[in-house]
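These notes concern the structure reproduced below.
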Amino acid sequence: TTTTTSSSDELPYNSRPCYTSSTTTDTLLTNYCRPSYLIIGAGKAGTSSLYNYLLDHPDVLPAESKQTHYWKYDHKPNSVNSLKKYYAHFPRSWEFHLSPDGTTQKVVGESSPGYLTDEMAATYIKRELPGVKIIVVIRDPVERAMSSYRYNYLHMIGTDGRGLNGNTKKKSHTSRRKKRTKDNVPMENEDERYNHLEAIISDSGEIISSSATSASTHVTFSEFVKAEMAFLRSCADPNTKNIMKSCLTDTSTLDAQWSNITKATPSGELKELKTHSSYLVRSMLGRGFYRNQLEGWEREHDVKVVCVEHLTRDEGGAVLTDVADFIGLADFDFTDTLKSKGVYNYGRNTGYGRSTTWDEFERKKRAGGGGIDENLRAELIEFYKEFGEWDYFASRCGWSNNNLE
Ligand SMILES: Nc1ncnc2c1ncn2[C@@H]1O[C@H](COP(=O)(O)OS(=O)(=O)O)[C@@H](OP(=O)(O)O)[C@H]1O
């Protein structure tokens, strides 16, 4: 393994984000440029909005796409070749308008929500991108869990009333789409779906027997979170309430199960679900343990936490100015950005680059539908309180103790 950045190269890279022939001995990397900030999560907390809002700053360049996932899935070798593939997601040096001495005001960043849950990513990033600014968007964890349920589960199995046609996922879903009937109930692949459910709720036999036994039902939000609460409680030290980190987002059990399932279905489609969906659904509550997940990152990095609830069209400008300042950008007024750009990746208008106007967003929120049952919400808040996760951010972010709708 190799480290291509020397300590004199420390970020902020808004001065020297790019490798030039005089700043790297690895000629392979010449003209490739490093990100100055990473939005590392939380998934379904508003990362697409923040990423897109920041692009309005005149010194922020867009990456090839919002998320690369590099430090989560591909970080291990850190060979120059591998890093080059990562940097290939970003513009080359000429787009940064370097001055003759290699300095520039421009920056680029990316937003991969999976990094937050992966402590090893914090270490790898520290080694290769020392001084990179880490930004975390958090959201009322109960709302976040519901959003994840809709997106990573209902949407994936096609029972969210919209099917897969409306999403922006790439070709790999085409074959799944073909297998659906008009009303989006999977037919030929019922077995596949059973396995999918079993894999997701592996520690919760009661779910399988109580609801998922009928081919026409799906696991409800309530069933998912109740199973996960039981699982996480079983992982906690009864006295200190410390939860083993691995329990929050562990995928090892799943990995073992999925390898069997993939063997049983040579089509290979399930492999994709394994990476993109099942572990996310399995940790719907776990990923809301922000304080717990932040520990490792704050030990190694400069971290800024943003509450999505503060990113409103009226007051979000100040939040964005603060984030820009944290990255090291010049002053910029984001008031118009927020008004004109709306909300990205809104549930029924999914897509990292697709936005919903504020009027529509607020109208749909008022209309409700698919919201969380009041008693269940209260139970989940109590659960987060039990582990010291609710009170840590609730008042700062303005999370309501009551039902939001
Ligand atoms: N400014 C603002 N205020 C309130 N809520 C907001 C905001 N921006 C994004 N959102 C909601 O965040 C959800 C999408 O989050 P992400 O873009 O991080 O999702 S992803 O993990 O990248 O798929 C998605 O939640 P759901 O609509 O509940 O699914 C968005 O509606």
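In the structure tokens, each chain is lettered A, B, ... as it comes, each chain's residues begin at 1, and ligands are numbered from 1 in order of appearance.
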Let me have all residues with an atom within 7 Å of ligand 1, counting only C-alpha atoms and all ligand atoms, laid out as a VMD selection string. chain A and resid 41 to 49 113 143 to 144 146 to 148 150 to 151 308 to 309 311 to 312 343 to 348 352
Save out the residues we just selected, N, CA and C atoms, as a tab-separated table (two decimals), in the first residue's frame.
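Result file is result.tsv:
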chain	number	residue	atom	x	y	z
A	41	GLY	N	-22.61	11.28	5.11
A	41	GLY	CA	-23.88	10.72	5.54
A	41	GLY	C	-24.68	11.82	6.22
A	42	ALA	N	-25.70	11.40	6.95
A	42	ALA	CA	-26.25	10.06	6.98
A	42	ALA	C	-27.13	9.83	5.75
A	43	GLY	N	-27.19	8.60	5.27
A	43	GLY	CA	-28.07	8.29	4.16
A	43	GLY	C	-29.50	8.66	4.52
A	44	LYS	N	-30.25	9.14	3.54
A	44	LYS	CA	-31.65	9.55	3.69
A	44	LYS	C	-31.83	10.70	4.69
A	45	ALA	N	-30.79	11.48	4.87
A	45	ALA	CA	-30.90	12.61	5.80
A	45	ALA	C	-30.82	13.95	5.09
A	46	GLY	N	-30.68	13.95	3.77
A	46	GLY	CA	-30.61	15.22	3.05
A	46	GLY	C	-29.25	15.48	2.43
A	47	THR	N	-28.46	14.44	2.23
A	47	THR	CA	-27.11	14.62	1.67
A	47	THR	C	-27.16	15.14	0.23
A	48	SER	N	-28.18	14.71	-0.53
A	48	SER	CA	-28.26	15.17	-1.93
A	48	SER	C	-28.55	16.66	-1.97
A	49	SER	N	-29.41	17.12	-1.08
A	49	SER	CA	-29.70	18.56	-1.03
A	49	SER	C	-28.43	19.33	-0.72
A	113	PRO	N	-23.06	8.60	1.33
A	113	PRO	CA	-23.64	8.44	2.67
A	113	PRO	C	-23.19	7.18	3.40
A	143	GLU	N	-37.70	9.84	11.34
A	143	GLU	CA	-38.03	10.21	9.96
A	143	GLU	C	-37.04	9.59	8.98
A	144	ARG	N	-35.79	9.58	9.38
A	144	ARG	CA	-34.75	9.00	8.53
A	144	ARG	C	-35.02	7.52	8.31
A	146	MET	N	-37.89	5.98	8.46
A	146	MET	CA	-39.05	5.81	7.59
A	146	MET	C	-38.67	6.05	6.13
A	147	SER	N	-37.84	7.05	5.91
A	147	SER	CA	-37.40	7.34	4.54
A	147	SER	C	-36.62	6.16	4.00
A	148	SER	N	-35.80	5.56	4.84
A	148	SER	CA	-35.01	4.41	4.43
A	148	SER	C	-35.92	3.22	4.14
A	150	ARG	N	-38.96	3.32	3.06
A	150	ARG	CA	-39.61	3.54	1.77
A	150	ARG	C	-38.64	3.31	0.61
A	151	TYR	N	-37.47	3.90	0.76
A	151	TYR	CA	-36.53	3.89	-0.37
A	151	TYR	C	-35.80	2.56	-0.51
A	308	VAL	N	-30.56	18.68	8.99
A	308	VAL	CA	-31.30	18.97	7.75
A	308	VAL	C	-32.51	19.86	8.05
A	309	GLU	N	-33.01	19.75	9.26
A	309	GLU	CA	-34.17	20.55	9.63
A	309	GLU	C	-33.86	22.05	9.56
A	311	LEU	N	-32.02	23.31	7.10
A	311	LEU	CA	-31.80	23.66	5.69
A	311	LEU	C	-33.11	24.03	5.03
A	312	THR	N	-33.75	25.06	5.54
A	312	THR	CA	-35.04	25.46	4.99
A	312	THR	C	-34.84	26.61	4.01
A	343	VAL	N	-35.92	20.90	-2.72
A	343	VAL	CA	-35.47	19.76	-1.93
A	343	VAL	C	-35.09	18.61	-2.86
A	344	TYR	N	-33.92	18.08	-2.66
A	344	TYR	CA	-33.44	17.00	-3.54
A	344	TYR	C	-33.79	15.62	-2.98
A	345	ASN	N	-34.01	14.71	-3.91
A	345	ASN	CA	-34.19	13.30	-3.55
A	345	ASN	C	-35.37	13.10	-2.61
A	346	TYR	N	-36.38	13.93	-2.79
A	346	TYR	CA	-37.61	13.78	-1.99
A	346	TYR	C	-38.25	12.44	-2.33
A	347	GLY	N	-38.79	11.78	-1.30
A	347	GLY	CA	-39.32	10.42	-1.43
A	347	GLY	C	-40.00	10.08	-2.74
A	348	ARG	N	-40.94	10.92	-3.13
A	348	ARG	CA	-41.70	10.54	-4.33
A	348	ARG	C	-41.10	11.16	-5.59
A	352	TYR	N	-30.72	11.66	-6.98
A	352	TYR	CA	-29.78	12.54	-6.28
A	352	TYR	C	-29.74	13.93	-6.89
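Around Thr117 in chain A, within 9 Å and counting only C-alpha atoms, the residues found are Ile40, Gly41, Ala42, Pro113, Ala121, Leu248, Thr249, Arg287, Gln293 and Leu294 of chain A, once anything fewer than 4 positions away on its own chain is removed.
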Between A:Ser15, A:Ser99, A:Ser222, A:Ser112, which has the minimum distance to Ala63 in chain A (counting only C-alpha atoms)? A:Ser112
Between A:Val142, A:Leu61, A:Leu154, A:Cys307, single out the one closest to Gly286 in chain A, counting only C-alpha atoms. A:Val142
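Using only C-alpha atoms, the shortest contact distance between Asn152 in chain A and any of A:Arg16, A:Lys385, A:Arg377, A:Arg282 is found at A:Arg282.
Considering the residues A:Lys72, A:Arg354, A:His301, A:His89 and counting only C-alpha atoms, Gly131 in chain A has its shortest atom-to-atom contact with A:His301.
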